[in-house]
Structures are given as C-alpha cells and as structure tokens.
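Dropping start13.pdb in here (PDB, C-alpha atoms):
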```pdb
ATOM      1  CA  MET K   1      40.453 -36.674  61.730
ATOM      2  CA  ILE K   2      37.056 -38.209  62.482
ATOM      3  CA  ALA K   3      36.672 -39.796  65.929
ATOM      4  CA  ILE K   4      34.131 -42.611  66.332
ATOM      5  CA  ILE K   5      33.316 -42.822  70.038
ATOM      6  CA  ASP K   6      33.803 -46.278  71.543
ATOM      7  CA  TYR K   7      31.759 -46.554  74.727
ATOM      8  CA  GLY K   8      30.973 -50.233  74.357
ATOM      9  CA  MET K   9      27.562 -49.760  72.732
ATOM     10  CA  GLY K  10      28.054 -49.128  69.028
ATOM     11  CA  ASN K  11      28.399 -50.958  65.734
ATOM     12  CA  LEU K  12      31.840 -49.393  65.571
ATOM     13  CA  ARG K  13      33.716 -51.423  63.012
ATOM     14  CA  SER K  14      30.950 -51.211  60.412
ATOM     15  CA  VAL K  15      30.833 -47.425  60.834
ATOM     16  CA  GLN K  16      34.611 -47.214  60.472
ATOM     17  CA  LYS K  17      34.500 -49.456  57.382
ATOM     18  CA  GLY K  18      31.889 -47.144  55.873
ATOM     19  CA  PHE K  19      34.289 -44.219  56.188
ATOM     20  CA  GLU K  20      37.137 -46.339  54.827
ATOM     21  CA  LYS K  21      35.082 -47.080  51.715
ATOM     22  CA  ILE K  22      34.837 -43.371  50.931
ATOM     23  CA  GLY K  23      38.508 -42.736  51.728
ATOM     24  CA  ALA K  24      38.039 -40.839  54.992
ATOM     25  CA  ASP K  25      40.350 -41.032  57.998
ATOM     26  CA  ALA K  26      38.218 -42.279  60.905
ATOM     27  CA  VAL K  27      39.506 -43.758  64.154
ATOM     28  CA  VAL K  28      37.590 -45.716  66.777
ATOM     29  CA  THR K  29      38.586 -44.382  70.192
ATOM     30  CA  ALA K  30      37.771 -45.079  73.827
ATOM     31  CA  ASP K  31      39.888 -42.074  74.890
ATOM     32  CA  PRO K  32      37.975 -38.860  75.678
ATOM     33  CA  ARG K  33      41.160 -36.862  74.969
ATOM     34  CA  VAL K  34      41.154 -38.059  71.350
ATOM     35  CA  VAL K  35      37.545 -36.885  71.034
ATOM     36  CA  LEU K  36      38.533 -33.430  72.291
ATOM     37  CA  GLU K  37      41.244 -33.218  69.622
ATOM     38  CA  ALA K  38      39.185 -34.545  66.701
ATOM     39  CA  ASP K  39      37.925 -32.446  63.785
ATOM     40  CA  LYS K  40      34.615 -34.310  63.597
ATOM     41  CA  ILE K  41      32.783 -36.664  65.945
ATOM     42  CA  VAL K  42      30.561 -39.695  65.330
ATOM     43  CA  LEU K  43      28.423 -41.140  68.137
ATOM     44  CA  PRO K  44      26.990 -44.528  67.114
ATOM     45  CA  GLY K  45      24.745 -46.560  69.367
ATOM     46  CA  VAL K  46      23.221 -50.020  69.587
ATOM     47  CA  GLY K  47      21.240 -51.299  72.564
ATOM     48  CA  ALA K  48      19.205 -49.751  75.358
ATOM     49  CA  PHE K  49      19.227 -45.981  75.928
ATOM     50  CA  ARG K  50      19.758 -46.467  79.685
ATOM     51  CA  ASP K  51      22.877 -48.584  79.204
ATOM     52  CA  CYS K  52      24.281 -46.338  76.484
ATOM     53  CA  MET K  53      23.920 -43.234  78.647
ATOM     54  CA  HIS K  54      25.461 -45.025  81.629
ATOM     55  CA  ASN K  55      28.466 -46.132  79.564
ATOM     56  CA  LEU K  56      28.971 -42.641  78.139
ATOM     57  CA  GLU K  57      29.061 -41.190  81.631
ATOM     58  CA  GLN K  58      31.319 -43.896  83.064
ATOM     59  CA  ALA K  59      33.803 -43.596  80.185
ATOM     60  CA  GLY K  60      34.064 -39.827  80.649
ATOM     61  CA  PHE K  61      32.653 -38.856  77.263
ATOM     62  CA  VAL K  62      29.832 -36.521  78.272
ATOM     63  CA  GLU K  63      31.929 -33.379  78.807
ATOM     64  CA  PRO K  64      34.042 -33.920  75.649
ATOM     65  CA  ILE K  65      30.875 -34.367  73.567
ATOM     66  CA  LEU K  66      29.379 -31.172  74.987
ATOM     67  CA  ARG K  67      32.643 -29.313  74.373
ATOM     68  CA  VAL K  68      32.979 -30.494  70.772
ATOM     69  CA  ILE K  69      29.401 -29.517  69.964
ATOM     70  CA  SER K  70      29.785 -26.163  71.719
ATOM     71  CA  ASP K  71      32.915 -25.521  69.644
ATOM     72  CA  GLY K  72      30.867 -25.965  66.467
ATOM     73  CA  ARG K  73      32.669 -29.032  65.168
ATOM     74  CA  PRO K  74      30.608 -31.373  62.936
ATOM     75  CA  PHE K  75      28.797 -34.054  64.934
ATOM     76  CA  LEU K  76      26.979 -37.121  63.584
ATOM     77  CA  GLY K  77      24.755 -39.273  65.811
ATOM     78  CA  ILE K  78      23.579 -42.678  64.596
ATOM     79  CA  CYS K  79      20.580 -44.676  65.924
ATOM     80  CA  VAL K  80      20.784 -44.612  69.753
ATOM     81  CA  GLY K  81      23.549 -42.048  69.235
ATOM     82  CA  MET K  82      20.772 -39.773  67.953
ATOM     83  CA  GLN K  83      18.394 -40.630  70.802
ATOM     84  CA  LEU K  84      21.022 -39.783  73.447
ATOM     85  CA  LEU K  85      20.980 -36.154  72.278
ATOM     86  CA  PHE K  86      17.426 -35.774  73.622
ATOM     87  CA  SER K  87      16.137 -34.873  77.086
ATOM     88  CA  ASP K  88      14.983 -38.322  78.144
ATOM     89  CA  SER K  89      13.819 -41.787  77.102
ATOM     90  CA  VAL K  90      11.025 -44.015  78.383
ATOM     91  CA  GLU K  91      12.937 -47.212  77.558
ATOM     92  CA  PHE K  92      12.986 -49.428  80.700
ATOM     93  CA  GLY K  93      11.776 -46.495  82.829
ATOM     94  CA  LEU K  94      12.520 -42.804  82.490
ATOM     95  CA  TYR K  95      16.171 -41.924  81.901
ATOM     96  CA  ARG K  96      17.875 -38.605  81.216
ATOM     97  CA  GLY K  97      19.836 -38.013  78.055
ATOM     98  CA  LEU K  98      22.335 -35.316  77.076
ATOM     99  CA  ASP K  99      19.450 -32.818  76.684
ATOM    100  CA  LEU K 100      21.096 -31.076  73.736
ATOM    101  CA  ILE K 101      17.855 -31.369  71.752
ATOM    102  CA  PRO K 102      14.747 -30.777  73.902
ATOM    103  CA  GLY K 103      12.353 -33.673  73.418
ATOM    104  CA  HIS K 104      11.685 -37.279  74.267
ATOM    105  CA  VAL K 105      12.418 -40.811  73.090
ATOM    106  CA  LEU K 106       9.211 -42.845  72.840
ATOM    107  CA  ARG K 107       8.268 -46.410  71.947
ATOM    108  CA  PHE K 108       6.262 -47.152  68.838
ATOM    109  CA  PRO K 109       2.583 -47.479  69.784
ATOM    110  CA  GLU K 110       1.091 -50.919  70.328
ATOM    111  CA  GLY K 111      -1.232 -52.314  67.684
ATOM    112  CA  MET K 112       0.039 -50.370  64.669
ATOM    113  CA  ARG K 113      -1.465 -51.596  61.401
ATOM    114  CA  GLU K 114      -0.819 -50.806  57.759
ATOM    115  CA  GLY K 115      -2.793 -52.161  54.809
ATOM    116  CA  GLY K 116      -4.752 -54.470  57.083
ATOM    117  CA  GLU K 117      -1.624 -56.064  58.553
ATOM    118  CA  ASP K 118      -0.056 -55.771  61.999
ATOM    119  CA  LEU K 119       3.262 -53.937  62.055
ATOM    120  CA  LYS K 120       6.075 -55.565  63.976
ATOM    121  CA  VAL K 121       8.230 -53.745  66.503
ATOM    122  CA  PRO K 122      11.174 -53.320  66.191
ATOM    123  CA  HIS K 123      10.899 -51.482  62.898
ATOM    124  CA  MET K 124      13.548 -53.357  60.948
ATOM    125  CA  GLY K 125      14.555 -53.047  57.316
ATOM    126  CA  TRP K 126      14.443 -50.520  54.502
ATOM    127  CA  ASN K 127      12.179 -47.478  54.554
ATOM    128  CA  GLN K 128      11.936 -44.083  52.887
ATOM    129  CA  LEU K 129      13.194 -40.646  53.855
ATOM    130  CA  ASN K 130      10.849 -37.684  53.483
ATOM    131  CA  PHE K 131      12.846 -34.472  53.787
ATOM    132  CA  LYS K 132      11.611 -31.448  55.723
ATOM    133  CA  ARG K 133      14.951 -29.621  55.691
ATOM    134  CA  LYS K 134      18.113 -30.716  53.953
ATOM    135  CA  PRO K 135      21.539 -30.081  55.487
ATOM    136  CA  GLY K 136      24.646 -30.541  53.357
ATOM    137  CA  VAL K 137      25.159 -34.025  54.798
ATOM    138  CA  PHE K 138      22.130 -35.144  52.757
ATOM    139  CA  GLY K 139      23.346 -33.578  49.515
ATOM    140  CA  GLY K 140      22.747 -35.939  46.595
ATOM    141  CA  VAL K 141      20.286 -38.079  48.583
ATOM    142  CA  ASP K 142      16.915 -37.920  46.861
ATOM    143  CA  GLU K 143      13.457 -37.596  48.386
ATOM    144  CA  GLY K 144      12.070 -41.085  48.985
ATOM    145  CA  THR K 145      15.479 -42.747  49.214
ATOM    146  CA  ASN K 146      15.409 -46.026  51.135
ATOM    147  CA  VAL K 147      17.708 -46.391  54.142
ATOM    148  CA  TYR K 148      18.136 -49.121  56.760
ATOM    149  CA  PHE K 149      16.479 -49.054  60.196
ATOM    150  CA  VAL K 150      16.560 -51.246  63.319
ATOM    151  CA  HIS K 151      14.730 -49.667  66.282
ATOM    152  CA  SER K 152      11.776 -49.904  68.650
ATOM    153  CA  PHE K 153      11.959 -46.278  69.867
ATOM    154  CA  TYR K 154      11.861 -42.956  68.032
ATOM    155  CA  VAL K 155      12.579 -39.328  68.918
ATOM    156  CA  LYS K 156       9.916 -36.647  69.312
ATOM    157  CA  PRO K 157      11.529 -33.183  69.383
ATOM    158  CA  ASP K 158       9.769 -30.371  71.246
ATOM    159  CA  ASP K 159      10.610 -28.128  68.287
ATOM    160  CA  ASP K 160       9.633 -29.578  64.898
ATOM    161  CA  GLY K 161      12.082 -27.113  63.361
ATOM    162  CA  VAL K 162      14.998 -29.457  64.102
ATOM    163  CA  ILE K 163      13.474 -32.294  62.049
ATOM    164  CA  ALA K 164      15.425 -32.907  58.853
ATOM    165  CA  ALA K 165      13.513 -35.987  57.681
ATOM    166  CA  THR K 166      10.576 -38.177  58.624
ATOM    167  CA  THR K 167       9.715 -41.779  57.799
ATOM    168  CA  HIS K 168       6.367 -43.564  57.901
ATOM    169  CA  TYR K 169       5.920 -46.773  59.872
ATOM    170  CA  GLY K 170       2.440 -46.878  61.317
ATOM    171  CA  ILE K 171       3.065 -43.243  62.265
ATOM    172  CA  ASP K 172       5.206 -40.504  60.788
ATOM    173  CA  PHE K 173       8.303 -40.364  62.982
ATOM    174  CA  CYS K 174      11.431 -38.218  62.971
ATOM    175  CA  SER K 175      14.204 -40.144  61.214
ATOM    176  CA  ALA K 176      16.852 -37.388  61.061
ATOM    177  CA  ILE K 177      17.557 -34.127  62.848
ATOM    178  CA  TRP K 178      19.639 -31.072  62.069
ATOM    179  CA  LYS K 179      20.525 -28.329  64.516
ATOM    180  CA  ASP K 180      23.530 -26.086  63.847
ATOM    181  CA  ASN K 181      26.560 -28.443  63.661
ATOM    182  CA  ILE K 182      24.567 -31.490  64.827
ATOM    183  CA  VAL K 183      23.172 -33.982  62.332
ATOM    184  CA  ALA K 184      21.780 -37.289  63.561
ATOM    185  CA  THR K 185      19.946 -40.195  61.982
ATOM    186  CA  GLN K 186      17.695 -42.900  63.383
ATOM    187  CA  PHE K 187      18.705 -45.092  60.452
ATOM    188  CA  HIS K 188      22.165 -46.604  59.915
ATOM    189  CA  PRO K 189      24.092 -44.851  57.101
ATOM    190  CA  GLU K 190      26.809 -47.523  57.298
ATOM    191  CA  LYS K 191      24.176 -50.167  56.390
ATOM    192  CA  SER K 192      22.345 -48.076  53.797
ATOM    193  CA  GLN K 193      24.518 -48.864  50.776
ATOM    194  CA  HIS K 194      25.059 -46.089  48.213
ATOM    195  CA  ALA K 195      22.887 -43.464  49.938
ATOM    196  CA  GLY K 196      24.489 -44.136  53.308
ATOM    197  CA  LEU K 197      28.007 -43.868  51.914
ATOM    198  CA  ARG K 198      27.021 -40.582  50.283
ATOM    199  CA  ILE K 199      25.940 -39.262  53.701
ATOM    200  CA  LEU K 200      29.226 -40.367  55.284
ATOM    201  CA  LYS K 201      31.189 -38.804  52.420
ATOM    202  CA  ASN K 202      29.324 -35.507  52.800
ATOM    203  CA  PHE K 203      29.956 -35.553  56.550
ATOM    204  CA  ALA K 204      33.656 -36.235  56.083
ATOM    205  CA  ALA K 205      33.891 -33.322  53.622
ATOM    206  CA  GLN K 206      32.394 -30.787  56.063
ATOM    207  CA  LYS K 207      34.613 -27.958  57.263
TER     208      LYS K 207
END
```
For the file at hand, write its structure as structure tokens.
Amino acid sequence: MIAIIDYGMGNLRSVQKGFEKIGADAVVTADPRVVLEADKIVLPGVGAFRDCMHNLEQAGFVEPILRVISDGRPFLGICVGMQLLFSDSVEFGLYRGLDLIPGHVLRFPEGMREGGEDLKVPHMGWNQLNFKRKPGVFGGVDEGTNVYFVHSFYVKPDDDGVIAATTHYGIDFCSAIWKDNIVATQFHPEKSQHAGLRILKNFAAQK
C-alpha cells in the first residue's frame, strides 16, 4: 500500500489519480499510524515551505516520516515535498526542514534572462530533465524529457552526489534527487503526462 501524506498542503487528489491510472493502490491519509504501516510513502507539497513544515509537525508526521525512511521503505517527495527534506529554506525568512538531505532551499535569482528576454518567477510550465544519475524510478524516461514545473524556489544540496537530474531555467538547478531509498522531484509527475505516469508506475513497482 502506498500512503500519500495529507497534511493540508498537497495536490493530493491529482497525485492519487495518477497512481489510479497506473493501477496502483494509493490512499490519501491524515493519520500518522497509516504512514507507519505503509509499504511506500509519498510526500506531496504545494505552498510555502514554512507553512508546510508547520503543518507536518502539527499533524504528527515528522517522526513517522523519519522512521519510514530509516526503515528503508521507498519514499517519493514531490515539489515542496522534496524541499522539506533539506536543512532549511529562505522562503519568508529562514526555516528549518527535516534535514535528511544537507543543503538549502533558495529563491531563483532576480533578473534572470534567456535569449534576450526576462525570465518570470515562478518557473511554470514544461522543461527538460538532464540526468546525472538514474535511479530505477526514472527507468524508461529519456534524457531531455519534458516534465511540468511550478515553483519559485529550488534545492541546492551540499553534496552534488545526491543530484539525480538538473533542469535549466536561467541557471542549472537540481530538479530531482536520489539518496538510498529517497527519490524526490521538484517537478510534478502527476501533471507530467506519459513520463510522469511512468515515474509513478516505477515507484509503485519498487520492492
């Protein structure tokens, strides 16, 4: 069973529908006990890092998440659900994250330009994946595949060795990470059509 964590800050139904499309059993749960019993965990996230972290703590999900990851069960973070894995974020101040991946969440620089044009923030729409390392979750997803992004902040790991993919938008930023049983994406697999469903299918098939 795949548990999608409901802490009031995720695009939960669309993630669940993505798993339904590939025939996987995924439940949306606000119960930390269900997370502790699940085979695989998905942490989505939409909104401000500060609020997401606050809700996780208030709902009692921090310890279950740490336990599940420590146990080696497959974990997928999506968008802010990826950012929360890091040490801290500068969004609306400086706020601590789960600190499972040493590094920081930063805002895109002001005044980015590409081809003589100003780049808007948030970075919104389709953009390409450039793989550095390729976990099984990305099996069948080709170099240069377009996936869907909506974000103003990006992660900067202390150790580049955890970067699975980068994407270019004014700068080259980390768009996916892989560390042991943790895979996380800045983009939204559930909104990324065929490639995104392939990622969800690969995740669901993990042992």
Task: Which of K:Ala24, K:Ile41, K:Cys174, K:Leu106 sits closest to Val90 (chain K) [using all atoms listed in the file] - done: K:Leu106
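Closest approach to Tyr154 (chain K) among K:Val183, K:Leu197, K:Leu84, K:Ile4 is made by K:Leu84 (distances from all atoms listed in the file).
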TODO: List the residues selected by the PyMOL selection byres ((chain K and resi 92) around 9) in the file shown, writing them as a PyMOL selection string.
DONE: chain K and resi 48-50+89-91+93-95
Carefully work through the PyMOL selection byres ((chain K and resi 158) around 10) for this structure and note down the residues it includes, as a PDB file with C-alpha atoms, in the frame of the given file.
```
ATOM      1  CA  PHE K  86      17.426 -35.774  73.622  1.00  0.00           C
ATOM      2  CA  SER K  87      16.137 -34.873  77.086  1.00  0.00           C
ATOM      3  CA  ILE K 101      17.855 -31.369  71.752  1.00  0.00           C
ATOM      4  CA  PRO K 102      14.747 -30.777  73.902  1.00  0.00           C
ATOM      5  CA  GLY K 103      12.353 -33.673  73.418  1.00  0.00           C
ATOM      6  CA  HIS K 104      11.685 -37.279  74.267  1.00  0.00           C
ATOM      7  CA  VAL K 155      12.579 -39.328  68.918  1.00  0.00           C
ATOM      8  CA  LYS K 156       9.916 -36.647  69.312  1.00  0.00           C
ATOM      9  CA  PRO K 157      11.529 -33.183  69.383  1.00  0.00           C
ATOM     10  CA  ASP K 159      10.610 -28.128  68.287  1.00  0.00           C
ATOM     11  CA  ASP K 160       9.633 -29.578  64.898  1.00  0.00           C
ATOM     12  CA  GLY K 161      12.082 -27.113  63.361  1.00  0.00           C
ATOM     13  CA  VAL K 162      14.998 -29.457  64.102  1.00  0.00           C
TER      14      VAL K 162
END
```
Task: Of the listed residues K:Ala205, K:Leu200, K:Val147, K:Val137, that which approaches Gln16 (chain K) most closely, counting all atoms listed in the file - done: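 Of K:Ala205, K:Leu200, K:Val147, K:Val137, the one nearest Gln16 (chain K), counting all atoms listed in the file, is K:Leu200.
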List the residues matched by the PyMOL selection byres ((chain K and resi 190) around 9) in the displayed structure as a short mmCIF file (atom, residue, chain, number, x, y, z; two decimals) with C-alpha atoms, in the frame of the given file, ordered by chain and then by residue number.
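The resulting file, result-v8.cif, is shown below:
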```cif
data_model
loop_
_atom_site.label_atom_id
_atom_site.label_comp_id
_atom_site.auth_asym_id
_atom_site.auth_seq_id
_atom_site.Cartn_x
_atom_site.Cartn_y
_atom_site.Cartn_z
CA SER K 14 30.95 -51.21 60.41
CA VAL K 15 30.83 -47.42 60.83
CA GLN K 16 34.61 -47.21 60.47
CA LYS K 17 34.50 -49.46 57.38
CA GLY K 18 31.89 -47.14 55.87
CA PHE K 19 34.29 -44.22 56.19
CA TYR K 148 18.14 -49.12 56.76
CA HIS K 188 22.16 -46.60 59.92
CA PRO K 189 24.09 -44.85 57.10
CA LYS K 191 24.18 -50.17 56.39
CA SER K 192 22.34 -48.08 53.80
CA GLN K 193 24.52 -48.86 50.78
CA GLY K 196 24.49 -44.14 53.31
CA LEU K 197 28.01 -43.87 51.91
CA LEU K 200 29.23 -40.37 55.28
#
```
Task: Two-atom distance - CA of Arg113 (chain K), CA of Cys79 (chain K) (Å) - done: 23.5 Å
Open item on the list: Here is a test: counting all atoms listed in the file, which residue of K:Asp25, K:Asp180, K:Asp31, K:Glu110 is nearest to Ile5 (chain K)?
Closed with: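 Distance minimum relative to Ile5 (chain K) lands on K:Asp31.
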Give me, as a PDB file with C-alpha atoms, in the coordinates of the input, all polymer residues having an atom no more than 12 Å from Cys52 (chain K), counting all atoms listed in the file and skipping those fewer than 3 positions away in the same chain.
```
ATOM      1  CA  ILE K   5      33.316 -42.822  70.038  1.00  0.00           C
ATOM      2  CA  ASP K   6      33.803 -46.278  71.543  1.00  0.00           C
ATOM      3  CA  TYR K   7      31.759 -46.554  74.727  1.00  0.00           C
ATOM      4  CA  GLY K   8      30.973 -50.233  74.357  1.00  0.00           C
ATOM      5  CA  MET K   9      27.562 -49.760  72.732  1.00  0.00           C
ATOM      6  CA  GLY K  10      28.054 -49.128  69.028  1.00  0.00           C
ATOM      7  CA  LEU K  43      28.423 -41.140  68.137  1.00  0.00           C
ATOM      8  CA  PRO K  44      26.990 -44.528  67.114  1.00  0.00           C
ATOM      9  CA  GLY K  45      24.745 -46.560  69.367  1.00  0.00           C
ATOM     10  CA  VAL K  46      23.221 -50.020  69.587  1.00  0.00           C
ATOM     11  CA  GLY K  47      21.240 -51.299  72.564  1.00  0.00           C
ATOM     12  CA  ALA K  48      19.205 -49.751  75.358  1.00  0.00           C
ATOM     13  CA  PHE K  49      19.227 -45.981  75.928  1.00  0.00           C
ATOM     14  CA  ASN K  55      28.466 -46.132  79.564  1.00  0.00           C
ATOM     15  CA  LEU K  56      28.971 -42.641  78.139  1.00  0.00           C
ATOM     16  CA  GLU K  57      29.061 -41.190  81.631  1.00  0.00           C
ATOM     17  CA  GLN K  58      31.319 -43.896  83.064  1.00  0.00           C
ATOM     18  CA  ALA K  59      33.803 -43.596  80.185  1.00  0.00           C
ATOM     19  CA  PHE K  61      32.653 -38.856  77.263  1.00  0.00           C
ATOM     20  CA  VAL K  62      29.832 -36.521  78.272  1.00  0.00           C
ATOM     21  CA  CYS K  79      20.580 -44.676  65.924  1.00  0.00           C
ATOM     22  CA  VAL K  80      20.784 -44.612  69.753  1.00  0.00           C
ATOM     23  CA  GLY K  81      23.549 -42.048  69.235  1.00  0.00           C
ATOM     24  CA  MET K  82      20.772 -39.773  67.953  1.00  0.00           C
ATOM     25  CA  GLN K  83      18.394 -40.630  70.802  1.00  0.00           C
ATOM     26  CA  LEU K  84      21.022 -39.783  73.447  1.00  0.00           C
ATOM     27  CA  LEU K  85      20.980 -36.154  72.278  1.00  0.00           C
ATOM     28  CA  SER K  89      13.819 -41.787  77.102  1.00  0.00           C
ATOM     29  CA  GLU K  91      12.937 -47.212  77.558  1.00  0.00           C
ATOM     30  CA  TYR K  95      16.171 -41.924  81.901  1.00  0.00           C
ATOM     31  CA  ARG K  96      17.875 -38.605  81.216  1.00  0.00           C
ATOM     32  CA  GLY K  97      19.836 -38.013  78.055  1.00  0.00           C
ATOM     33  CA  LEU K  98      22.335 -35.316  77.076  1.00  0.00           C
TER      34      LEU K  98
END
```
TODO: For each of K:Val68, K:Leu119, K:Met1, K:Ala195, take the minimum atom-to-atom distance to Glu143 (chain K), counting only C-alpha atoms, then give the residue where this is smallest.
DONE: K:Ala195
Open item on the list: Using Å and a single decimal, report how far CA of Val141 (chain K) sits from CA of His194 (chain K).
Closed with: 9.3 Å
Using only the atoms of region 149-166 of chain K listed in the file, plus 6 Å on each side, state the axis-aligned box centre and edge lengths in Å rounded to one decimal, as JSON.
```
{"center_x": 13.1, "center_y": -39.2, "center_z": 64.5, "size_x": 18.9, "size_y": 36.1, "size_z": 25.6}
```
- [ ] One decimal, Å: what's the distance from CA of Phe108 (chain K) over to CA of Gly125 (chain K), could you say?
- [x]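 According to the coordinates, CA of Phe108 (chain K) and CA of Gly125 (chain K) are separated by 15.4 Å.
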TODO: Give the answer as one residue: which of K:Ala164, K:Val27, K:Met53, K:Val121 has the shortest atom-to-atom distance to Ile182 (chain K), using only C-alpha atoms?
DONE: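 Among the listed residues, K:Ala164 lies closest to Ile182 (chain K).
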Task: Contact residues around Thr145 (chain K) with all atoms listed in the file at 6 Å, ignoring same-chain residues under 2 positions, as a list in words - done: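 Residues meeting the cut-off are Gln128, Leu129, Asp142 and Glu143 of chain K.
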Kindly save the residues from that selection, with C-alpha atoms included, as a PDB file, in the coordinates of the input.
```
ATOM      1  CA  GLN K 128      11.936 -44.083  52.887  1.00  0.00           C
ATOM      2  CA  LEU K 129      13.194 -40.646  53.855  1.00  0.00           C
ATOM      3  CA  ASP K 142      16.915 -37.920  46.861  1.00  0.00           C
ATOM      4  CA  GLU K 143      13.457 -37.596  48.386  1.00  0.00           C
TER       5      GLU K 143
END
```
TODO: Mind checking which residues fall within 7 Å of region 169-173 of chain K, counting all atoms listed in the file, ignoring those fewer than 2 positions away in the same chain, and posting them as a PyMOL selection string?
DONE: chain K and resi 112-114+154+166-167+175
Give me region 38-51 of chain K from this structure - N, CA and C atoms, as a PDB file, in the first residue's frame.
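Final output, part-v5.pdb:
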```pdb
ATOM      1  N   ALA K  38       2.531   1.761   6.095  1.00  0.00           N
ATOM      2  CA  ALA K  38       2.541   1.709   4.633  1.00  0.00           C
ATOM      3  C   ALA K  38       3.814   1.070   4.087  1.00  0.00           C
ATOM      4  N   ASP K  39       3.704   0.535   2.870  1.00  0.00           N
ATOM      5  CA  ASP K  39       4.869  -0.049   2.186  1.00  0.00           C
ATOM      6  C   ASP K  39       5.728   1.031   1.543  1.00  0.00           C
ATOM      7  N   LYS K  40       5.055   2.078   1.049  1.00  0.00           N
ATOM      8  CA  LYS K  40       5.738   3.177   0.367  1.00  0.00           C
ATOM      9  C   LYS K  40       5.049   4.476   0.753  1.00  0.00           C
ATOM     10  N   ILE K  41       5.815   5.574   0.733  1.00  0.00           N
ATOM     11  CA  ILE K  41       5.306   6.858   1.186  1.00  0.00           C
ATOM     12  C   ILE K  41       5.495   7.911   0.102  1.00  0.00           C
ATOM     13  N   VAL K  42       4.478   8.754  -0.081  1.00  0.00           N
ATOM     14  CA  VAL K  42       4.570   9.904  -0.978  1.00  0.00           C
ATOM     15  C   VAL K  42       4.286  11.162  -0.164  1.00  0.00           C
ATOM     16  N   LEU K  43       5.199  12.136  -0.256  1.00  0.00           N
ATOM     17  CA  LEU K  43       5.023  13.428   0.407  1.00  0.00           C
ATOM     18  C   LEU K  43       4.898  14.504  -0.664  1.00  0.00           C
ATOM     19  N   PRO K  44       3.658  14.896  -1.016  1.00  0.00           N
ATOM     20  CA  PRO K  44       3.481  15.999  -1.957  1.00  0.00           C
ATOM     21  C   PRO K  44       3.593  17.326  -1.216  1.00  0.00           C
ATOM     22  N   GLY K  45       3.511  18.416  -1.942  1.00  0.00           N
ATOM     23  CA  GLY K  45       3.562  19.709  -1.273  1.00  0.00           C
ATOM     24  C   GLY K  45       3.272  20.843  -2.227  1.00  0.00           C
ATOM     25  N   VAL K  46       2.369  21.723  -1.820  1.00  0.00           N
ATOM     26  CA  VAL K  46       2.058  22.933  -2.572  1.00  0.00           C
ATOM     27  C   VAL K  46       1.950  24.069  -1.566  1.00  0.00           C
ATOM     28  N   GLY K  47       2.601  25.197  -1.847  1.00  0.00           N
ATOM     29  CA  GLY K  47       2.531  26.326  -0.935  1.00  0.00           C
ATOM     30  C   GLY K  47       3.888  26.680  -0.373  1.00  0.00           C
ATOM     31  N   ALA K  48       3.880  27.435   0.723  1.00  0.00           N
ATOM     32  CA  ALA K  48       5.115  27.933   1.321  1.00  0.00           C
ATOM     33  C   ALA K  48       5.769  26.877   2.196  1.00  0.00           C
ATOM     34  N   PHE K  49       7.090  26.786   2.111  1.00  0.00           N
ATOM     35  CA  PHE K  49       7.884  25.848   2.908  1.00  0.00           C
ATOM     36  C   PHE K  49       7.547  25.972   4.394  1.00  0.00           C
ATOM     37  N   ARG K  50       7.520  27.205   4.903  1.00  0.00           N
ATOM     38  CA  ARG K  50       7.256  27.458   6.321  1.00  0.00           C
ATOM     39  C   ARG K  50       5.946  26.815   6.761  1.00  0.00           C
ATOM     40  N   ASP K  51       4.892  27.030   5.986  1.00  0.00           N
ATOM     41  CA  ASP K  51       3.575  26.515   6.346  1.00  0.00           C
ATOM     42  C   ASP K  51       3.525  24.997   6.227  1.00  0.00           C
TER      43      ASP K  51
END
```
